[in-house]
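K.L.:
For reference, this is start.csv, and it has CSV, C-alpha atoms and all ligand atoms.
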```csv
chain,number,residue,atom,x,y,z
G,1,MET,CA,69.5,-77.9,43.4
G,2,ASP,CA,71.9,-77.7,46.3
G,3,PRO,CA,69.8,-77.0,49.4
G,4,ALA,CA,72.4,-74.5,50.7
G,5,VAL,CA,72.0,-72.5,47.5
G,6,ARG,CA,68.2,-72.6,47.8
G,7,ASP,CA,68.4,-71.5,51.5
G,8,ASP,CA,70.7,-68.6,50.4
G,9,LEU,CA,68.2,-67.4,47.8
G,10,ILE,CA,65.3,-67.7,50.2
G,11,ARG,CA,67.3,-65.6,52.7
G,12,MET,CA,68.2,-63.0,50.1
G,13,TYR,CA,64.8,-62.6,48.3
G,14,GLY,CA,62.2,-64.1,50.7
G,15,SER,CA,61.9,-61.1,52.9
G,16,ARG,CA,61.6,-58.5,50.1
G,17,GLY,CA,57.9,-58.5,49.5
G,18,TRP,CA,55.3,-60.4,47.6
G,19,TYR,CA,56.8,-59.9,44.1
G,20,HIS,CA,60.1,-61.5,45.1
G,21,ARG,CA,58.4,-64.3,47.1
G,22,LEU,CA,56.2,-65.2,44.1
G,23,ALA,CA,59.2,-65.1,41.7
G,24,LEU,CA,61.2,-67.3,44.1
G,25,ARG,CA,58.4,-69.9,44.3
G,26,MET,CA,57.7,-70.0,40.6
G,27,LYS,CA,61.2,-69.8,39.1
G,28,LEU,CA,63.0,-72.0,41.6
G,29,ARG,CA,60.4,-74.6,41.1
G,30,TYR,CA,60.3,-74.8,37.4
G,31,TRP,CA,64.0,-74.3,36.8
G,32,ALA,CA,65.0,-76.6,39.6
G,33,VAL,CA,62.6,-79.3,38.5
G,34,HIS,CA,64.1,-79.3,35.0
G,35,GLU,CA,67.7,-79.2,36.1
G,36,PHE,CA,68.7,-76.6,33.6
G,37,LEU,CA,71.9,-76.0,35.5
G,38,ALA,CA,73.1,-79.4,34.4
G,39,HIS,CA,73.1,-78.3,30.8
G,40,LEU,CA,75.2,-75.1,31.3
G,41,PRO,CA,79.0,-75.0,30.8
G,42,ARG,CA,81.2,-75.3,33.9
G,43,LYS,CA,83.8,-72.8,32.7
G,44,GLY,CA,83.8,-69.3,31.2
G,45,THR,CA,81.2,-66.6,31.0
G,46,ILE,CA,77.4,-67.1,31.3
G,47,LEU,CA,75.1,-64.1,30.7
G,48,ASP,CA,71.7,-63.7,32.4
G,49,LEU,CA,70.1,-61.3,29.9
G,50,GLY,CA,67.2,-59.3,31.3
G,51,CYS,CA,68.2,-60.4,34.7
G,52,GLY,CA,65.7,-58.2,36.6
G,53,TYR,CA,66.6,-58.3,40.3
G,54,GLY,CA,69.2,-61.0,39.8
G,55,LEU,CA,67.4,-64.1,41.2
G,56,MET,CA,68.6,-66.4,38.4
G,57,THR,CA,72.0,-64.7,38.2
G,58,ASN,CA,72.5,-65.5,41.9
G,59,LEU,CA,71.3,-69.0,41.4
G,60,LEU,CA,73.9,-69.5,38.6
G,61,ALA,CA,76.8,-67.8,40.5
G,62,ARG,CA,76.2,-69.8,43.6
G,63,SER,CA,75.7,-73.1,41.8
G,64,MET,CA,78.3,-73.1,39.1
G,65,GLY,CA,81.6,-72.7,41.0
G,66,SER,CA,84.4,-70.2,40.6
G,67,GLU,CA,85.4,-71.1,37.1
G,68,VAL,CA,82.2,-69.6,35.8
G,69,GLN,CA,81.8,-65.8,35.6
G,70,VAL,CA,78.1,-64.8,35.7
G,71,VAL,CA,77.1,-61.4,34.2
G,72,GLY,CA,73.5,-60.1,34.7
G,73,VAL,CA,72.4,-57.4,32.3
G,74,ASP,CA,69.1,-55.4,32.5
G,75,LEU,CA,67.8,-52.2,31.0
G,76,ASP,CA,66.2,-51.1,34.3
G,77,THR,CA,68.9,-49.4,36.3
G,78,LYS,CA,66.9,-49.6,39.5
G,79,ARG,CA,66.6,-53.3,39.2
G,80,ILE,CA,70.3,-53.6,38.6
G,81,GLU,CA,71.0,-51.4,41.7
G,82,THR,CA,68.7,-53.7,43.8
G,83,ALA,CA,70.3,-56.8,42.4
G,84,ARG,CA,73.7,-55.4,43.4
G,85,THR,CA,72.5,-54.6,46.9
G,86,ILE,CA,70.9,-58.0,47.4
G,87,SER,CA,73.9,-59.9,46.1
G,88,GLY,CA,76.7,-58.1,47.9
G,89,GLU,CA,80.3,-58.7,46.7
G,90,ARG,CA,81.0,-62.0,45.0
G,91,GLY,CA,84.0,-62.8,42.9
G,92,ASN,CA,82.2,-64.6,40.1
G,93,LEU,CA,79.2,-62.3,39.7
G,94,ARG,CA,78.6,-58.9,38.3
G,95,PHE,CA,75.7,-56.8,37.1
G,96,GLU,CA,75.6,-54.3,34.2
G,97,ALA,CA,72.9,-51.9,33.2
G,98,GLY,CA,72.4,-52.2,29.5
G,99,ASP,CA,70.2,-53.1,26.6
G,100,VAL,CA,70.3,-56.7,25.4
G,101,ARG,CA,69.7,-55.3,21.9
G,102,ASN,CA,73.1,-53.7,22.0
G,103,LEU,CA,75.2,-56.1,24.0
G,104,ASP,CA,78.6,-54.8,25.0
G,105,ILE,CA,80.1,-58.2,25.6
G,106,SER,CA,82.0,-59.9,22.8
G,107,ASP,CA,81.9,-63.6,23.7
G,108,CYS,CA,80.6,-66.0,26.2
G,109,GLN,CA,80.1,-69.8,26.7
G,110,GLY,CA,76.4,-69.6,27.7
G,111,ALA,CA,73.4,-67.4,28.2
G,112,ILE,CA,70.0,-67.5,29.8
G,113,LEU,CA,66.9,-65.5,28.8
G,114,VAL,CA,64.2,-66.1,31.5
G,115,ASP,CA,60.9,-64.5,30.6
G,116,VAL,CA,62.5,-61.7,28.6
G,117,LEU,CA,62.2,-62.2,24.9
G,118,HIS,CA,58.5,-61.3,24.8
G,119,HIS,CA,59.4,-57.8,25.9
G,120,LEU,CA,61.2,-57.3,22.6
G,121,SER,CA,59.7,-56.9,19.1
G,122,VAL,CA,59.8,-60.0,17.0
G,123,LYS,CA,62.5,-58.4,14.9
G,124,ASP,CA,64.6,-57.6,17.9
G,125,GLN,CA,64.1,-61.1,19.3
G,126,ASP,CA,65.5,-62.6,16.1
G,127,ARG,CA,68.3,-60.1,16.0
G,128,LEU,CA,69.3,-60.9,19.6
G,129,LEU,CA,69.3,-64.6,18.9
G,130,MET,CA,71.5,-64.0,15.8
G,131,ASP,CA,73.8,-61.9,18.0
G,132,LEU,CA,74.0,-64.7,20.6
G,133,GLY,CA,74.7,-67.2,17.8
G,134,VAL,CA,77.9,-65.2,17.1
G,135,LYS,CA,78.8,-64.5,20.7
G,136,ILE,CA,78.2,-67.9,22.2
G,137,GLY,CA,81.2,-70.2,21.4
G,138,GLU,CA,80.7,-73.5,19.5
G,139,GLY,CA,79.1,-76.1,21.8
G,140,GLY,CA,77.9,-73.4,24.2
G,141,ILE,CA,74.4,-73.3,25.6
G,142,LEU,CA,71.5,-70.9,25.3
G,143,ALA,CA,68.6,-71.6,27.8
G,144,VAL,CA,65.3,-69.8,27.3
G,145,SER,CA,62.1,-69.7,29.2
G,146,GLU,CA,59.1,-68.2,27.4
G,147,VAL,CA,55.3,-68.4,27.6
G,148,ASP,CA,53.8,-70.4,24.7
G,149,PRO,CA,50.5,-68.9,23.4
G,150,GLU,CA,49.5,-72.4,22.1
G,151,PHE,CA,50.0,-74.0,25.6
G,152,ARG,CA,47.1,-76.4,26.5
G,153,PRO,CA,44.9,-76.1,28.5
G,154,ARG,CA,44.5,-72.6,27.2
G,155,TRP,CA,43.7,-70.9,30.6
G,156,HIS,CA,47.4,-71.2,31.6
G,157,TYR,CA,48.2,-68.9,28.7
G,158,TRP,CA,45.6,-66.4,29.7
G,159,ILE,CA,46.9,-66.3,33.3
G,160,SER,CA,50.4,-65.6,31.9
G,161,TYR,CA,49.0,-62.9,29.6
G,162,LEU,CA,47.1,-61.2,32.4
G,163,SER,CA,50.0,-61.3,34.9
G,164,ASP,CA,52.2,-59.6,32.4
G,165,LEU,CA,49.6,-57.0,31.8
G,166,LEU,CA,49.4,-56.4,35.6
G,167,LEU,CA,53.2,-56.4,36.1
G,168,TYR,CA,54.0,-54.1,33.1
G,169,PRO,CA,50.8,-52.1,32.6
G,170,PHE,CA,52.4,-49.3,30.6
G,171,SER,CA,54.8,-51.2,28.5
G,172,GLU,CA,54.2,-52.3,24.9
G,173,ARG,CA,52.2,-55.5,24.3
G,174,CYS,CA,53.8,-58.8,24.9
G,175,ARG,CA,55.1,-60.7,21.9
G,176,PHE,CA,54.6,-64.3,23.0
G,177,ARG,CA,55.5,-66.8,20.2
G,178,PRO,CA,54.6,-70.5,19.8
G,179,GLU,CA,57.2,-73.3,20.1
G,180,ARG,CA,57.5,-73.9,16.3
G,181,GLU,CA,58.4,-70.2,15.7
G,182,PHE,CA,61.0,-70.3,18.4
G,183,ARG,CA,62.5,-73.5,17.1
G,184,ARG,CA,62.9,-71.9,13.7
G,185,ALA,CA,64.5,-68.8,15.2
G,186,PHE,CA,67.0,-70.8,17.3
G,187,GLU,CA,68.0,-73.0,14.3
G,188,ALA,CA,68.4,-69.9,12.1
G,189,ALA,CA,70.7,-68.4,14.6
G,190,GLY,CA,73.0,-71.4,14.6
G,191,PHE,CA,71.6,-73.4,17.6
G,192,THR,CA,70.3,-77.0,17.8
G,193,VAL,CA,67.3,-77.3,20.0
G,194,GLU,CA,68.2,-80.2,22.3
G,195,LYS,CA,65.3,-80.1,24.7
G,196,VAL,CA,61.9,-78.5,25.0
G,197,GLU,CA,60.0,-78.9,28.2
G,198,ARG,CA,56.5,-77.8,29.2
G,199,ILE,CA,56.1,-77.2,32.9
G,200,PRO,CA,53.3,-79.3,34.3
G,201,GLY,CA,51.4,-78.1,37.3
G,202,SER,CA,52.3,-74.5,36.8
G,203,LEU,CA,49.6,-71.7,36.8
G,204,VAL,CA,51.3,-69.9,33.9
G,205,ALA,CA,52.4,-71.4,30.6
G,206,PRO,CA,56.2,-71.5,30.5
G,207,VAL,CA,58.2,-73.6,28.0
G,208,ILE,CA,61.9,-74.1,28.6
G,209,TYR,CA,64.2,-74.5,25.6
G,210,ILE,CA,67.8,-75.8,25.9
G,211,CYS,CA,69.8,-74.9,22.7
G,212,ARG,CA,73.3,-75.8,21.8
G,213,ARG,CA,75.5,-73.6,19.5
G,214,ARG,CA,76.3,-75.8,16.5
G,215,THR,CA,79.9,-76.5,15.7
G,216,ALA,CA,81.2,-75.8,12.2
G,217,ARG,CA,81.1,-79.6,11.5
G,218,SER,CA,77.5,-80.0,12.7
G,219,ALA,CA,76.5,-76.8,10.9
G,220,GLY,CA,77.5,-78.4,7.6
G,221,SER,CA,75.1,-81.3,8.2
G,222,HIS,CA,72.2,-79.1,9.4
G,223,ARG,CA,69.0,-79.2,7.4
G,224,PRO,CA,66.7,-76.2,8.0
W,1,LIG,C1,59.8,-60.6,33.5
W,1,LIG,S1,61.3,-59.8,33.9
W,1,LIG,C2,62.3,-61.2,34.1
W,1,LIG,C3,63.5,-61.0,35.1
W,1,LIG,C4,64.4,-62.1,35.3
W,1,LIG,N1,64.9,-62.7,34.0
W,1,LIG,C5,63.8,-63.2,36.1
W,1,LIG,O1,63.5,-64.3,35.6
W,1,LIG,O2,63.7,-63.0,37.4
W,1,LIG,C6,61.8,-59.1,32.4
W,1,LIG,C7,63.1,-58.3,32.5
W,1,LIG,O3,63.6,-58.0,31.2
W,1,LIG,C8,64.1,-56.6,31.3
W,1,LIG,N2,64.2,-56.1,29.9
W,1,LIG,C9,63.2,-55.9,29.0
W,1,LIG,N3,63.7,-55.4,27.8
W,1,LIG,C10,65.1,-55.4,28.0
W,1,LIG,C11,66.1,-54.9,27.1
W,1,LIG,N4,65.9,-54.5,25.9
W,1,LIG,N5,67.4,-55.0,27.6
W,1,LIG,C12,67.6,-55.5,28.9
W,1,LIG,N6,66.7,-55.9,29.7
W,1,LIG,C13,65.4,-55.8,29.3
W,1,LIG,C14,63.1,-55.9,32.1
W,1,LIG,O4,63.7,-54.7,32.7
W,1,LIG,C15,62.8,-56.9,33.2
W,1,LIG,O5,63.7,-56.8,34.3
```
Step by step, read the file and then write its structure as structure tokens.

P.N.:
Amino acid sequence: MDPAVRDDLIRMYGSRGWYHRLALRMKLRYWAVHEFLAHLPRKGTILDLGCGYGLMTNLLARSMGSEVQVVGVDLDTKRIETARTISGERGNLRFEAGDVRNLDISDCQGAILVDVLHHLSVKDQDRLLMDLGVKIGEGGILAVSEVDPEFRPRWHYWISYLSDLLLYPFSERCRFRPEREFRRAFEAAGFTVEKVERIPGSLVAPVIYICRRRTARSAGSHRP
């Protein structure tokens, strides 16, 4: 990651309390280590779905250059307002309040879902992936980070589970899914899973999936 972008993010989020400092530490580390930026398209629209306070949205907008438009979407209007305040005016970045289950955006070249899918029912997760399979152009990228309930050693999973419980005490239960289920869901939605990475040395149990939207030609040769 460009050190100037990293410094920018630390300046923007580092002074905003423990939650933001923790998110910065965790997310910059595991997304930077695995260089997910290198997989994303360099032109067109990239969606950050369930963007929260816009940490990853800002990372994308600041790293990808002016030919990429980054759109952060979140259900929580307060988070969207805070994300707008933190980010200021930027030509290639905007935030929209909205439900990812009912996306008002017709097409894009890439999307990221960072620790969001487990907030949706399994049915809605699959529906959203199907929708993205239609909206993301052929060859486009979907990057997902999710906790794996079969992560080993198992205590990483329990830390993830407990931290979600503490952060979202009144929300519905988390729907974490194992890697093999996600692989099936991505493939069924028209994506090829190109890379799956477990993050070593992390307290929680994140797995990162890099998926590419199949082209019509490769779809013909796909065996489920
Ligand atoms: C754990 S936070 C992750 C935030 C952000 N992706 C990040 O990595 O910093 C999950 C976010 O998903 C949002 N969310 C949950 N359900 C959603 C939905 N149906 N539509 C849009 N956002 C949703 C929540 O409001 C919350 O901000």

K.L.:
So how many Å separate atom C11 of ligand LIG 1 (chain W) and CA of Asp74 (chain G), to one decimal?

P.N.:
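Straight-line distance from atom C11 of ligand LIG 1 (chain W) to CA of Asp74 (chain G) works out to 6.2 Å.
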
K.L.:
Might you pull out every residue within 9 Å of Val134 (chain G), with all atoms listed in the file counted and same-chain residues fewer than 4 positions away left off, and present them as a list in words?

P.N.:
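With the cut-off at 9 Å, the set is Ser106, Asp107, Leu129, Met130, Ala189 and Gly190 of chain G.
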
K.L.:
CA of Phe186 (chain G) and CA of Arg101 (chain G) are how many Å apart?

P.N.:
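These two atoms are separated by 16.4 Å.
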
K.L.:
Within 10 Å of Tyr53 (chain G), counting only C-alpha atoms, which residues show up once you throw out same-chain ones fewer than 6 positions away? Write them as a list of chain:residue names, please.

P.N.:
G:Tyr13, G:His20, G:Gly72, G:Val73, G:Asp74, G:Asp76, G:Lys78, G:Arg79, G:Ile80, G:Glu81, G:Thr82, G:Ala83, G:Arg84, G:Thr85, G:Ile86, G:Ser87, G:Phe95

K.L.:
So what do you get for CA of Tyr209 (chain G) versus CA of Gly17 (chain G), distance-wise?

P.N.:
29.4 Å

K.L.:
Which residues sit within 8 Å of ligand LIG 1 (chain W), counting only C-alpha atoms and all ligand atoms, listed as a list in words?

P.N.:
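For ligand LIG 1 (chain W), the residues inside 8 Å are Ala23, Lys27, Asp48, Leu49, Gly50, Cys51, Gly52, Tyr53, Gly54, Leu55, Met56, Val73, Asp74, Leu75, Asp76, Arg79, Ala97, Gly98, Asp99, Val100, Arg101, Leu113, Val114, Asp115, Val116, Leu117, His119, Leu120 and Asp164 of chain G.
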
K.L.:
Using C-alpha atoms, can you write the selected residues to a file as an mmCIF file, in the frame of the given file?

P.N.:
```
data_model
loop_
_atom_site.group_PDB
_atom_site.id
_atom_site.type_symbol
_atom_site.label_atom_id
_atom_site.label_comp_id
_atom_site.auth_asym_id
_atom_site.auth_seq_id
_atom_site.Cartn_x
_atom_site.Cartn_y
_atom_site.Cartn_z
ATOM 1 C CA ALA G 23 59.200 -65.100 41.700
ATOM 2 C CA LYS G 27 61.200 -69.800 39.100
ATOM 3 C CA ASP G 48 71.700 -63.700 32.400
ATOM 4 C CA LEU G 49 70.100 -61.300 29.900
ATOM 5 C CA GLY G 50 67.200 -59.300 31.300
ATOM 6 C CA CYS G 51 68.200 -60.400 34.700
ATOM 7 C CA GLY G 52 65.700 -58.200 36.600
ATOM 8 C CA TYR G 53 66.600 -58.300 40.300
ATOM 9 C CA GLY G 54 69.200 -61.000 39.800
ATOM 10 C CA LEU G 55 67.400 -64.100 41.200
ATOM 11 C CA MET G 56 68.600 -66.400 38.400
ATOM 12 C CA VAL G 73 72.400 -57.400 32.300
ATOM 13 C CA ASP G 74 69.100 -55.400 32.500
ATOM 14 C CA LEU G 75 67.800 -52.200 31.000
ATOM 15 C CA ASP G 76 66.200 -51.100 34.300
ATOM 16 C CA ARG G 79 66.600 -53.300 39.200
ATOM 17 C CA ALA G 97 72.900 -51.900 33.200
ATOM 18 C CA GLY G 98 72.400 -52.200 29.500
ATOM 19 C CA ASP G 99 70.200 -53.100 26.600
ATOM 20 C CA VAL G 100 70.300 -56.700 25.400
ATOM 21 C CA ARG G 101 69.700 -55.300 21.900
ATOM 22 C CA LEU G 113 66.900 -65.500 28.800
ATOM 23 C CA VAL G 114 64.200 -66.100 31.500
ATOM 24 C CA ASP G 115 60.900 -64.500 30.600
ATOM 25 C CA VAL G 116 62.500 -61.700 28.600
ATOM 26 C CA LEU G 117 62.200 -62.200 24.900
ATOM 27 C CA HIS G 119 59.400 -57.800 25.900
ATOM 28 C CA LEU G 120 61.200 -57.300 22.600
ATOM 29 C CA ASP G 164 52.200 -59.600 32.400
#
```

K.L.:
Which of these residues is nearest to Glu187 (chain G), using only C-alpha atoms: G:Arg175, G:Arg212, G:Arg25, G:His118?

P.N.:
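Of G:Arg175, G:Arg212, G:Arg25, G:His118, the one nearest Glu187 (chain G) is G:Arg212, counting only C-alpha atoms.
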
K.L.:
So which residues touch Glu35 (chain G) within 12 Å, counting all atoms listed in the file, skipping near sequence neighbours fewer than 6 positions away, as a PyMOL selection string?

P.N.:
chain G and resi 1-2+27-29+60+63+143+195+197+208+210

K.L.:
What would the file look like if the residues just selected were written as a PDB file, keeping the file's coordinate frame with C-alpha atoms?

P.N.:
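Writing done, so here's out.pdb:
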```pdb
ATOM      1  CA  MET G   1      69.500 -77.900  43.400  1.00  0.00           C
ATOM      2  CA  ASP G   2      71.900 -77.700  46.300  1.00  0.00           C
ATOM      3  CA  LYS G  27      61.200 -69.800  39.100  1.00  0.00           C
ATOM      4  CA  LEU G  28      63.000 -72.000  41.600  1.00  0.00           C
ATOM      5  CA  ARG G  29      60.400 -74.600  41.100  1.00  0.00           C
ATOM      6  CA  LEU G  60      73.900 -69.500  38.600  1.00  0.00           C
ATOM      7  CA  SER G  63      75.700 -73.100  41.800  1.00  0.00           C
ATOM      8  CA  ALA G 143      68.600 -71.600  27.800  1.00  0.00           C
ATOM      9  CA  LYS G 195      65.300 -80.100  24.700  1.00  0.00           C
ATOM     10  CA  GLU G 197      60.000 -78.900  28.200  1.00  0.00           C
ATOM     11  CA  ILE G 208      61.900 -74.100  28.600  1.00  0.00           C
ATOM     12  CA  ILE G 210      67.800 -75.800  25.900  1.00  0.00           C
TER      13      ILE G 210
END
```

K.L.:
Please determine, counting only C-alpha atoms, which residue among G:Cys211, G:Ile10, G:Phe151, G:Gln109 has the shortest atom-to-atom distance to Leu22 (chain G).

P.N.:
G:Ile10

K.L.:
Using all atoms listed in the file and a cutoff of 7 Å, can you tell me which residues are near (77.2, -65.4, 29.1) in the file's coordinates, and write them out as a list in words?

P.N.:
Thr45, Ile46, Leu47, Asp48, Val70, Val71, Cys108, Gln109, Gly110 and Ala111 of chain G

K.L.:
Give me the residues near Thr192 (chain G) as a PyMOL selection string, where near means some atom within 12 Å (using all atoms listed in the file) and where sequence neighbours in that chain fewer than 3 positions away do not count.

P.N.:
chain G and resi 133+138-143+182-189+195-196+209-215+218-219+221-224

K.L.:
For Ser202 (chain G), which residue out of G:Ile159, G:Leu40, G:Ala216, G:Val144 is the nearest one, using all atoms listed in the file?

P.N.:
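Selected residue with least distance to Ser202 (chain G): G:Ile159.
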
K.L.:
Let me make sure I understand: among G:Asn92, G:Thr57, G:Ser163, G:Gln125, which one has the smallest atom-to-atom distance to Leu37 (chain G) if we use all atoms listed in the file?

P.N.:
G:Thr57

K.L.:
If we count only C-alpha atoms and set the cut-off at 10 Å, which residues sit around Trp158 (chain G), ignoring sequence neighbours fewer than 3 positions away in its own chain? Please answer as a list in words.

P.N.:
Pro149, Phe151, Pro153, Arg154, Trp155, Tyr161, Leu162, Ser163, Asp164, Leu203, Val204 and Ala205 of chain G

K.L.:
Using only C-alpha atoms, which residue out of G:Phe36, G:Phe191, G:Pro206, G:Ala61 lies closest to Gly137 (chain G)?

P.N.:
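Result for the nearest residue to Gly137 (chain G): G:Phe191.
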
K.L.:
Which residue is closest to His39 (chain G)? Choose from G:Asp148, G:Asn102, G:Glu194, G:Gly65 and count all atoms listed in the file.

P.N.:
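The shortest atom-to-atom distance to His39 (chain G) comes from G:Glu194.
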
K.L.:
Is there a way to complete region 42-67 of chain G with N, CA and C atoms and then write that out as a compact mmCIF listing (two decimals), keeping the file's coordinate frame?

P.N.:
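This went into rebuild-v9.txt:
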```txt
# COMPACT_ATOMS: atom_id res chain seq x y z
N ARG G 42 80.62 -75.45 32.59
CA ARG G 42 81.20 -75.30 33.90
C ARG G 42 82.42 -74.38 33.96
N LYS G 43 82.68 -73.72 32.82
CA LYS G 43 83.80 -72.80 32.70
C LYS G 43 83.42 -71.65 31.82
N GLY G 44 83.99 -70.47 32.05
CA GLY G 44 83.80 -69.30 31.20
C GLY G 44 82.66 -68.42 31.64
N THR G 45 82.17 -67.61 30.69
CA THR G 45 81.20 -66.60 31.00
C THR G 45 79.78 -67.01 30.67
N ILE G 46 78.85 -66.82 31.60
CA ILE G 46 77.40 -67.10 31.30
C ILE G 46 76.67 -65.77 31.55
N LEU G 47 75.87 -65.38 30.56
CA LEU G 47 75.10 -64.10 30.70
C LEU G 47 73.67 -64.44 31.12
N ASP G 48 73.17 -63.63 32.05
CA ASP G 48 71.70 -63.70 32.40
C ASP G 48 71.15 -62.40 31.82
N LEU G 49 70.51 -62.53 30.66
CA LEU G 49 70.10 -61.30 29.90
C LEU G 49 68.65 -60.95 30.31
N GLY G 50 68.46 -59.69 30.69
CA GLY G 50 67.20 -59.30 31.30
C GLY G 50 67.05 -59.88 32.63
N CYS G 51 68.10 -59.69 33.45
CA CYS G 51 68.20 -60.40 34.70
C CYS G 51 67.29 -59.93 35.81
N GLY G 52 66.64 -58.75 35.60
CA GLY G 52 65.70 -58.20 36.60
C GLY G 52 66.48 -57.98 37.93
N TYR G 53 65.96 -58.54 39.02
CA TYR G 53 66.60 -58.30 40.30
C TYR G 53 67.67 -59.35 40.64
N GLY G 54 68.01 -60.16 39.65
CA GLY G 54 69.20 -61.00 39.80
C GLY G 54 68.95 -62.36 40.46
N LEU G 55 67.69 -62.78 40.51
CA LEU G 55 67.40 -64.10 41.20
C LEU G 55 68.14 -65.23 40.46
N MET G 56 67.94 -65.33 39.14
CA MET G 56 68.60 -66.40 38.40
C MET G 56 70.09 -66.23 38.33
N THR G 57 70.52 -64.96 38.28
CA THR G 57 72.00 -64.70 38.20
C THR G 57 72.63 -65.20 39.50
N ASN G 58 71.98 -64.97 40.63
CA ASN G 58 72.50 -65.50 41.90
C ASN G 58 72.47 -66.99 41.96
N LEU G 59 71.40 -67.55 41.43
CA LEU G 59 71.30 -69.00 41.40
C LEU G 59 72.50 -69.59 40.62
N LEU G 60 72.78 -68.99 39.46
CA LEU G 60 73.90 -69.50 38.60
C LEU G 60 75.23 -69.29 39.37
N ALA G 61 75.47 -68.07 39.86
CA ALA G 61 76.80 -67.80 40.50
C ALA G 61 77.04 -68.68 41.68
N ARG G 62 75.98 -69.00 42.41
CA ARG G 62 76.20 -69.80 43.60
C ARG G 62 76.21 -71.30 43.31
N SER G 63 75.73 -71.70 42.14
CA SER G 63 75.70 -73.10 41.80
C SER G 63 76.83 -73.61 40.95
N MET G 64 77.41 -72.69 40.15
CA MET G 64 78.30 -73.10 39.10
C MET G 64 79.78 -73.18 39.43
N GLY G 65 80.15 -72.62 40.58
CA GLY G 65 81.60 -72.70 41.00
C GLY G 65 82.37 -71.51 40.42
N SER G 66 83.63 -71.43 40.89
CA SER G 66 84.40 -70.20 40.60
C SER G 66 84.98 -70.12 39.23
N GLU G 67 84.90 -71.19 38.47
CA GLU G 67 85.40 -71.10 37.10
C GLU G 67 84.41 -70.51 36.13
```
